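File shown here: start.txt, holding compact mmCIF, C-alpha atoms.
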# COMPACT_ATOMS: atom_id res chain seq x y z
CA MET C 30 1.83 -231.95 147.80
CA LYS C 31 2.38 -229.05 150.16
CA TYR C 32 4.50 -231.20 152.49
CA LEU C 33 6.48 -232.47 149.52
CA LYS C 34 7.40 -228.90 148.58
CA LEU C 35 8.39 -228.17 152.16
CA LEU C 36 10.50 -231.32 152.27
CA LEU C 37 12.22 -230.41 148.99
CA ILE C 38 13.03 -226.92 150.29
CA LEU C 39 14.42 -228.36 153.53
CA VAL C 40 16.55 -230.92 151.72
CA PHE C 41 17.89 -228.27 149.35
CA ALA C 42 18.67 -225.89 152.22
CA LEU C 43 20.54 -228.65 154.05
CA LEU C 44 22.45 -229.45 150.86
CA LEU C 45 23.48 -225.82 150.46
CA LEU C 46 24.51 -225.56 154.11
CA PHE C 47 26.55 -228.76 153.75
CA ALA C 48 28.27 -227.33 150.67
CA ALA C 49 28.91 -223.97 152.34
CA SER C 50 30.53 -225.59 155.37
CA ASP C 51 33.44 -226.73 153.22
CA LEU C 52 34.17 -223.38 151.53
CA PRO C 53 37.63 -221.93 152.16
CA PHE C 54 38.04 -218.86 154.33
CA ARG C 55 38.20 -215.54 152.50
CA GLY C 56 41.64 -213.96 152.37
CA ASP C 57 43.50 -217.11 153.38
CA PRO C 58 46.90 -216.89 151.60
CA ASP C 59 47.17 -220.68 151.34
CA ASN C 60 44.05 -221.00 149.17
CA ARG C 61 44.29 -222.31 145.65
CA MET C 62 42.75 -219.09 144.27
CA ASN C 63 45.35 -216.91 146.00
CA GLN C 64 48.38 -218.76 144.69
CA GLN C 65 50.77 -217.18 142.21
CA THR C 66 50.50 -220.09 139.81
CA SER C 67 47.34 -221.79 138.64
CA MET C 68 46.59 -225.53 138.80
CA THR C 69 48.25 -226.08 135.43
CA GLY C 70 51.49 -224.42 136.54
CA THR C 71 51.14 -221.16 134.59
CA ASP C 72 51.41 -217.70 136.15
CA VAL C 73 48.18 -215.97 137.18
CA PRO C 74 47.76 -212.56 135.46
CA GLY C 75 46.49 -211.02 138.70
CA ASN C 76 50.05 -210.88 140.01
CA TYR C 77 51.09 -208.65 137.13
CA TYR C 78 48.04 -206.42 137.56
CA ILE C 79 48.60 -205.90 141.28
CA SER C 80 52.32 -205.22 141.03
CA GLU C 81 52.47 -203.21 137.80
CA ALA C 82 49.13 -201.41 137.41
CA TYR C 83 50.32 -198.18 139.00
CA ASN C 84 53.57 -198.13 137.03
CA ASP C 85 51.76 -198.76 133.76
CA ALA C 86 49.03 -196.11 134.02
CA HIS C 87 49.77 -193.96 137.11
CA THR C 88 46.29 -194.80 138.37
CA PRO C 89 45.84 -195.95 141.99
CA ASN C 90 42.58 -197.78 141.26
CA ILE C 91 43.54 -201.21 139.91
CA VAL C 92 39.97 -201.97 138.82
CA THR C 93 39.93 -198.93 136.53
CA VAL C 94 43.22 -199.95 134.92
CA VAL C 95 42.03 -203.52 134.36
CA LEU C 96 38.67 -202.34 132.99
CA GLY C 97 39.96 -199.47 130.86
CA ASP C 98 43.39 -200.64 129.78
CA TYR C 99 44.18 -204.35 130.08
CA ARG C 100 40.62 -205.44 129.25
CA SER C 101 39.58 -202.45 127.17
CA ILE C 102 38.24 -204.44 124.21
CA ASP C 103 35.87 -206.23 126.59
CA THR C 104 34.66 -202.86 127.85
CA LEU C 105 34.11 -201.73 124.25
CA GLY C 106 31.91 -204.80 123.82
CA GLU C 107 29.91 -203.91 126.93
CA GLN C 108 29.37 -200.39 125.64
CA ILE C 109 28.18 -201.70 122.28
CA VAL C 110 25.77 -204.05 124.10
CA ILE C 111 24.23 -201.07 125.91
CA PHE C 112 24.10 -199.09 122.66
CA THR C 113 22.39 -202.02 120.94
CA ALA C 114 19.77 -202.21 123.73
CA GLY C 115 18.99 -198.53 123.19
CA MET C 116 18.77 -199.00 119.43
CA ILE C 117 16.37 -201.95 119.85
CA THR C 118 13.94 -199.91 121.95
CA PHE C 119 14.29 -197.06 119.46
CA LEU C 120 13.46 -199.26 116.47
CA LEU C 121 10.74 -201.45 118.02
CA LEU C 122 8.77 -198.85 119.97
CA ARG C 123 9.08 -196.16 117.32
CA LYS C 124 7.53 -198.49 114.73
CA ARG C 125 4.53 -199.13 116.98
CA ARG C 126 4.02 -195.40 117.48
CA ASP C 127 3.86 -194.81 113.71
CA ASP C 128 1.23 -197.52 113.40
CA ASP C 129 -0.93 -195.87 116.04
CA GLU C 130 -0.93 -192.56 114.23
CA GLU C 131 -2.28 -194.00 110.97
CA MET J 20 -7.31 -190.23 134.94
CA LYS J 21 -8.27 -187.10 133.04
CA ASN J 22 -6.81 -184.38 135.22
CA ARG J 23 -3.16 -185.25 135.21
CA SER J 24 -1.06 -182.16 135.71
CA PRO J 25 2.44 -181.95 137.19
CA SER J 26 2.58 -180.99 140.84
CA PRO J 27 4.55 -177.76 141.33
CA ILE J 28 5.95 -178.92 144.65
CA VAL J 29 7.30 -182.17 143.21
CA LEU J 30 8.63 -180.28 140.18
CA LEU J 31 10.43 -177.76 142.39
CA GLY J 32 11.91 -180.54 144.48
CA THR J 33 13.24 -182.45 141.48
CA ARG J 34 14.56 -179.24 139.91
CA PHE J 35 16.42 -178.58 143.17
CA LEU J 36 17.79 -182.13 143.35
CA SER J 37 18.71 -182.69 139.70
CA PRO J 38 21.90 -180.52 139.48
CA TYR J 39 23.38 -182.04 142.62
CA ILE J 40 22.88 -185.59 141.32
CA MET J 41 24.44 -184.45 138.03
CA VAL J 42 27.50 -183.04 139.82
CA PHE J 43 27.83 -186.31 141.74
CA GLY J 44 27.67 -188.23 138.45
CA PHE J 45 30.48 -186.14 136.98
CA TYR J 46 32.45 -186.68 140.20
CA VAL J 47 32.04 -190.45 139.90
CA ILE J 48 33.27 -190.37 136.28
CA PHE J 49 36.24 -188.03 136.77
CA HIS J 50 37.29 -189.46 140.16
CA GLY J 51 37.10 -193.04 138.91
CA HIS J 52 40.90 -193.21 138.78
CA TYR J 53 41.12 -192.85 142.57
CA SER J 54 37.88 -194.27 143.99
CA PRO J 55 35.21 -196.82 143.04
CA GLY J 56 33.33 -195.63 140.01
CA GLY J 57 33.79 -195.05 136.32
CA GLY J 58 31.85 -194.54 133.14
CA PHE J 59 29.00 -196.97 133.73
CA GLN J 60 28.20 -195.84 137.27
CA GLY J 61 28.64 -192.13 136.54
CA GLY J 62 26.58 -192.36 133.36
CA THR J 63 23.76 -194.00 135.30
CA LEU J 64 23.82 -191.17 137.84
CA LEU J 65 23.70 -188.57 135.06
CA ALA J 66 20.73 -190.41 133.54
CA VAL J 67 18.99 -190.43 136.93
CA SER J 68 19.30 -186.65 137.18
CA LEU J 69 17.63 -186.29 133.77
CA LEU J 70 14.97 -188.95 134.38
CA LEU J 71 13.93 -187.37 137.69
CA VAL J 72 12.77 -184.21 135.94
CA ARG J 73 11.20 -186.30 133.16
CA ILE J 74 9.13 -188.35 135.62
CA ALA J 75 8.06 -185.31 137.65
CA SER J 76 7.18 -182.89 134.87
CA GLY J 77 6.51 -184.76 131.63
CA THR J 78 8.13 -184.59 128.25
CA LYS J 79 7.46 -180.95 127.34
CA ILE J 80 9.19 -179.34 130.32
CA ALA J 81 11.94 -181.98 130.37
CA ASN J 82 12.82 -181.14 126.78
CA LEU J 83 14.07 -177.78 128.06
CA GLN J 84 16.73 -179.71 129.98
CA PHE J 85 17.65 -182.37 127.43
CA LYS J 86 16.10 -182.63 123.96
CA ASP J 87 14.77 -186.13 123.35
CA TYR J 88 15.86 -186.23 119.69
CA LEU J 89 19.49 -185.67 120.78
CA ALA J 90 19.63 -188.98 122.70
CA THR J 91 20.27 -191.26 119.71
CA PRO J 92 23.11 -189.21 118.13
CA TYR J 93 24.82 -188.74 121.49
CA ALA J 94 24.74 -192.50 122.16
CA ALA J 95 26.42 -193.07 118.81
CA ILE J 96 28.96 -190.32 119.55
CA GLY J 97 29.89 -192.08 122.81
CA VAL J 98 30.64 -195.32 120.95
CA ILE J 99 32.57 -193.36 118.31
CA ILE J 100 34.71 -191.69 121.02
CA TYR J 101 35.71 -195.10 122.40
CA PHE J 102 36.24 -196.75 119.02
CA GLY J 103 37.99 -193.67 117.59
CA THR J 104 40.47 -193.64 120.49
CA GLY J 105 41.41 -197.21 119.67
CA LEU J 106 41.54 -196.48 115.96
CA VAL J 107 43.81 -193.43 116.42
CA ALA J 108 46.20 -195.56 118.47
CA LEU J 109 46.11 -198.17 115.72
CA ILE J 110 46.85 -195.61 113.00
CA MET J 111 49.69 -194.05 115.01
CA GLY J 112 51.54 -197.36 114.96
CA GLY J 113 50.45 -199.25 118.07
CA TYR J 114 47.93 -201.93 118.82
CA PHE J 115 44.17 -201.29 118.91
CA LEU J 116 43.42 -199.30 122.11
CA ASP J 117 47.13 -198.99 122.93
CA TYR J 118 46.93 -195.61 124.63
CA GLU J 119 50.69 -195.03 124.63
CA GLN J 120 50.51 -194.19 120.93
CA LEU J 121 47.89 -191.44 121.26
CA PRO J 122 49.07 -188.15 119.73
CA ILE J 123 48.63 -185.92 122.82
CA PRO J 124 51.56 -183.45 123.02
CA GLY J 125 53.49 -183.06 126.25
CA LEU J 126 52.66 -186.50 127.65
CA GLU J 127 54.29 -189.86 127.32
CA GLY J 128 54.19 -193.36 128.67
CA ALA J 129 52.07 -193.95 131.73
CA ASP J 130 50.53 -190.46 131.71
CA LEU J 131 49.17 -191.11 128.22
CA ARG J 132 47.52 -194.28 129.52
CA TYR J 133 46.02 -192.23 132.37
CA TRP J 134 44.41 -189.79 129.94
CA GLY J 135 43.40 -192.53 127.50
CA ILE J 136 41.44 -194.29 130.26
CA LEU J 137 39.73 -190.98 131.10
CA ILE J 138 38.74 -190.41 127.45
CA ILE J 139 37.12 -193.82 127.09
CA GLU J 140 35.34 -193.42 130.45
CA LEU J 141 33.81 -190.20 129.12
CA GLY J 142 32.61 -192.06 126.02
CA ILE J 143 31.07 -194.81 128.15
CA GLY J 144 29.36 -192.25 130.40
CA LEU J 145 27.85 -190.42 127.42
CA THR J 146 26.49 -193.63 125.91
CA VAL J 147 25.05 -194.99 129.17
CA MET J 148 23.38 -191.67 130.04
CA THR J 149 21.74 -191.16 126.65
CA VAL J 150 20.69 -194.79 126.21
CA LEU J 151 18.86 -194.84 129.55
CA VAL J 152 17.10 -191.57 128.69
CA LEU J 153 16.33 -192.96 125.22
CA ILE J 154 14.73 -196.13 126.65
CA TYR J 155 12.55 -194.10 129.03
CA ASP J 156 11.51 -191.65 126.30
CA ASN J 157 10.56 -194.41 123.89
CA MET J 158 8.55 -196.32 126.49
CA VAL J 159 6.43 -193.41 127.74
CA LYS J 160 6.01 -191.69 124.37
CA GLY J 161 2.52 -190.19 124.19
CA GLU J 162 1.45 -191.62 127.56
CA ASP J 163 2.74 -189.03 130.03
CA TYR J 164 1.65 -185.45 130.71
CA ALA J 165 2.78 -184.33 127.21
I'd like the structure from this file rewritten - as structure tokens, please.
Amino acid sequence: MKYLKLLLILVFALLLLFAASDLPFRGDPDNRMNQQTSMTGTDVPGNYYISEAYNDAHTPNIVTVVLGDYRSIDTLGEQIVIFTAGMITFLLLRKRRDDDEE
Amino acid sequence: MKNRSPSPIVLLGTRFLSPYIMVFGFYVIFHGHYSPGGGFQGGTLLAVSLLLVRIASGTKIANLQFKDYLATPYAAIGVIIYFGTGLVALIMGGYFLDYEQLPIPGLEGADLRYWGILIIELGIGLTVMTVLVLIYDNMVKGEDYA
């Protein structure tokens, strides 16, 4: 059983190495992910973000503009998720504390 | 573990360190337009500066720095800042969270978007800071130095 585990780990590691050997190089301009149009022929929104983010918001940090302006409703959802996590601990643990005092 | 009292050396060290971490948190929030950072990261740093004193000294001394019953309302206020910014833009005739419609005098166009992003980052920072403090306070309630 121990050798079976070892064999499985080895096979899986070789599989991952085989898969990683075919990955494209990072930053290669000829990659599919760096093209201006996607596989279906439509324009990729990243082009607009890179070329127009400073003109739209006068903010040098593109990530901040994408997070706070272009994708701001998504960020509102993230904030509400964090708020909900806080409310859950507030409600659950506060209830248990009241029970202990009785 | 009967004799659990806060160590004065540790307390002094955390009291020395806490304001500097807080200043760095505000820097990360307000400089997020020019460098990596923003509301989530800066809010976490602000929470760390509060939690450091809470861990070192216990609830009673830490309440001098930040009252534990204020955490829940402040978290709600952070969400209301974000949602209210979007709602004001909606009422002023734009889309939801369309910062160009915010009624700030003396600014227009891209500068309004600049300030709108800063306002929502402040809301996010307030919520993240208070929620992390709230989770810690609720988990250790009645089990720390008191």
Kindly provide the residues of chain C that approach chain J to within 9 Å, each paired with its closest atom pair and their distance in Å to one decimal, based on only C-alpha atoms, listed by chain and increasing number, as JSON lines.
{"residue": "C:Tyr83", "atom": "CA", "partner": "J:Ala129", "partner_atom": "CA", "distance": 8.6}
{"residue": "C:Asn84", "atom": "CA", "partner": "J:Ala129", "partner_atom": "CA", "distance": 6.9}
{"residue": "C:Asp85", "atom": "CA", "partner": "J:Ala129", "partner_atom": "CA", "distance": 5.2}
{"residue": "C:Ala86", "atom": "CA", "partner": "J:Ala129", "partner_atom": "CA", "distance": 4.4}
{"residue": "C:His87", "atom": "CA", "partner": "J:Ala129", "partner_atom": "CA", "distance": 5.9}
{"residue": "C:Thr88", "atom": "CA", "partner": "J:His52", "partner_atom": "CA", "distance": 5.6}
{"residue": "C:Pro89", "atom": "CA", "partner": "J:Tyr53", "partner_atom": "CA", "distance": 5.7}
{"residue": "C:Asn90", "atom": "CA", "partner": "J:Tyr53", "partner_atom": "CA", "distance": 5.3}
{"residue": "C:Ile91", "atom": "CA", "partner": "J:His52", "partner_atom": "CA", "distance": 8.5}
{"residue": "C:Val92", "atom": "CA", "partner": "J:Pro55", "partner_atom": "CA", "distance": 8.2}
{"residue": "C:Thr93", "atom": "CA", "partner": "J:His52", "partner_atom": "CA", "distance": 6.2}
{"residue": "C:Val94", "atom": "CA", "partner": "J:Ile136", "partner_atom": "CA", "distance": 7.5}
{"residue": "C:Leu96", "atom": "CA", "partner": "J:Ile136", "partner_atom": "CA", "distance": 8.9}
{"residue": "C:Gly97", "atom": "CA", "partner": "J:Ile136", "partner_atom": "CA", "distance": 5.4}
{"residue": "C:Asp98", "atom": "CA", "partner": "J:Ile136", "partner_atom": "CA", "distance": 6.7}
{"residue": "C:Ser101", "atom": "CA", "partner": "J:Leu116", "partner_atom": "CA", "distance": 7.1}
{"residue": "C:Ile102", "atom": "CA", "partner": "J:Leu116", "partner_atom": "CA", "distance": 7.6}
{"residue": "C:Thr104", "atom": "CA", "partner": "J:Ile143", "partner_atom": "CA", "distance": 8.8}
{"residue": "C:Leu105", "atom": "CA", "partner": "J:Tyr101", "partner_atom": "CA", "distance": 7.1}
{"residue": "C:Gln108", "atom": "CA", "partner": "J:Ile143", "partner_atom": "CA", "distance": 6.4}
{"residue": "C:Ile109", "atom": "CA", "partner": "J:Val98", "partner_atom": "CA", "distance": 7.0}
{"residue": "C:Ile111", "atom": "CA", "partner": "J:Val147", "partner_atom": "CA", "distance": 6.9}
{"residue": "C:Phe112", "atom": "CA", "partner": "J:Val150", "partner_atom": "CA", "distance": 6.5}
{"residue": "C:Ala114", "atom": "CA", "partner": "J:Val150", "partner_atom": "CA", "distance": 7.9}
{"residue": "C:Gly115", "atom": "CA", "partner": "J:Val150", "partner_atom": "CA", "distance": 5.1}
{"residue": "C:Met116", "atom": "CA", "partner": "J:Thr91", "partner_atom": "CA", "distance": 7.9}
{"residue": "C:Thr118", "atom": "CA", "partner": "J:Ile154", "partner_atom": "CA", "distance": 6.1}
{"residue": "C:Phe119", "atom": "CA", "partner": "J:Asn157", "partner_atom": "CA", "distance": 6.4}
{"residue": "C:Leu122", "atom": "CA", "partner": "J:Asn157", "partner_atom": "CA", "distance": 6.2}
{"residue": "C:Arg123", "atom": "CA", "partner": "J:Asn157", "partner_atom": "CA", "distance": 7.0}
{"residue": "C:Arg126", "atom": "CA", "partner": "J:Lys160", "partner_atom": "CA", "distance": 8.1}
Report, as AutoDock Vina command-line options, the centre and edge lengths in Å (one decimal) of the axis-aligned box enclosing every listed atom of stretch 128-139 of chain J, padded by 4 Å on each side.
--center_x 45.7 --center_y -192.0 --center_z 129.7 --size_x 25.1 --size_y 12.5 --size_z 13.3
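Put simply, atom CA of C:Pro53 is 27.9 Å away from atom CA of C:Glu81.
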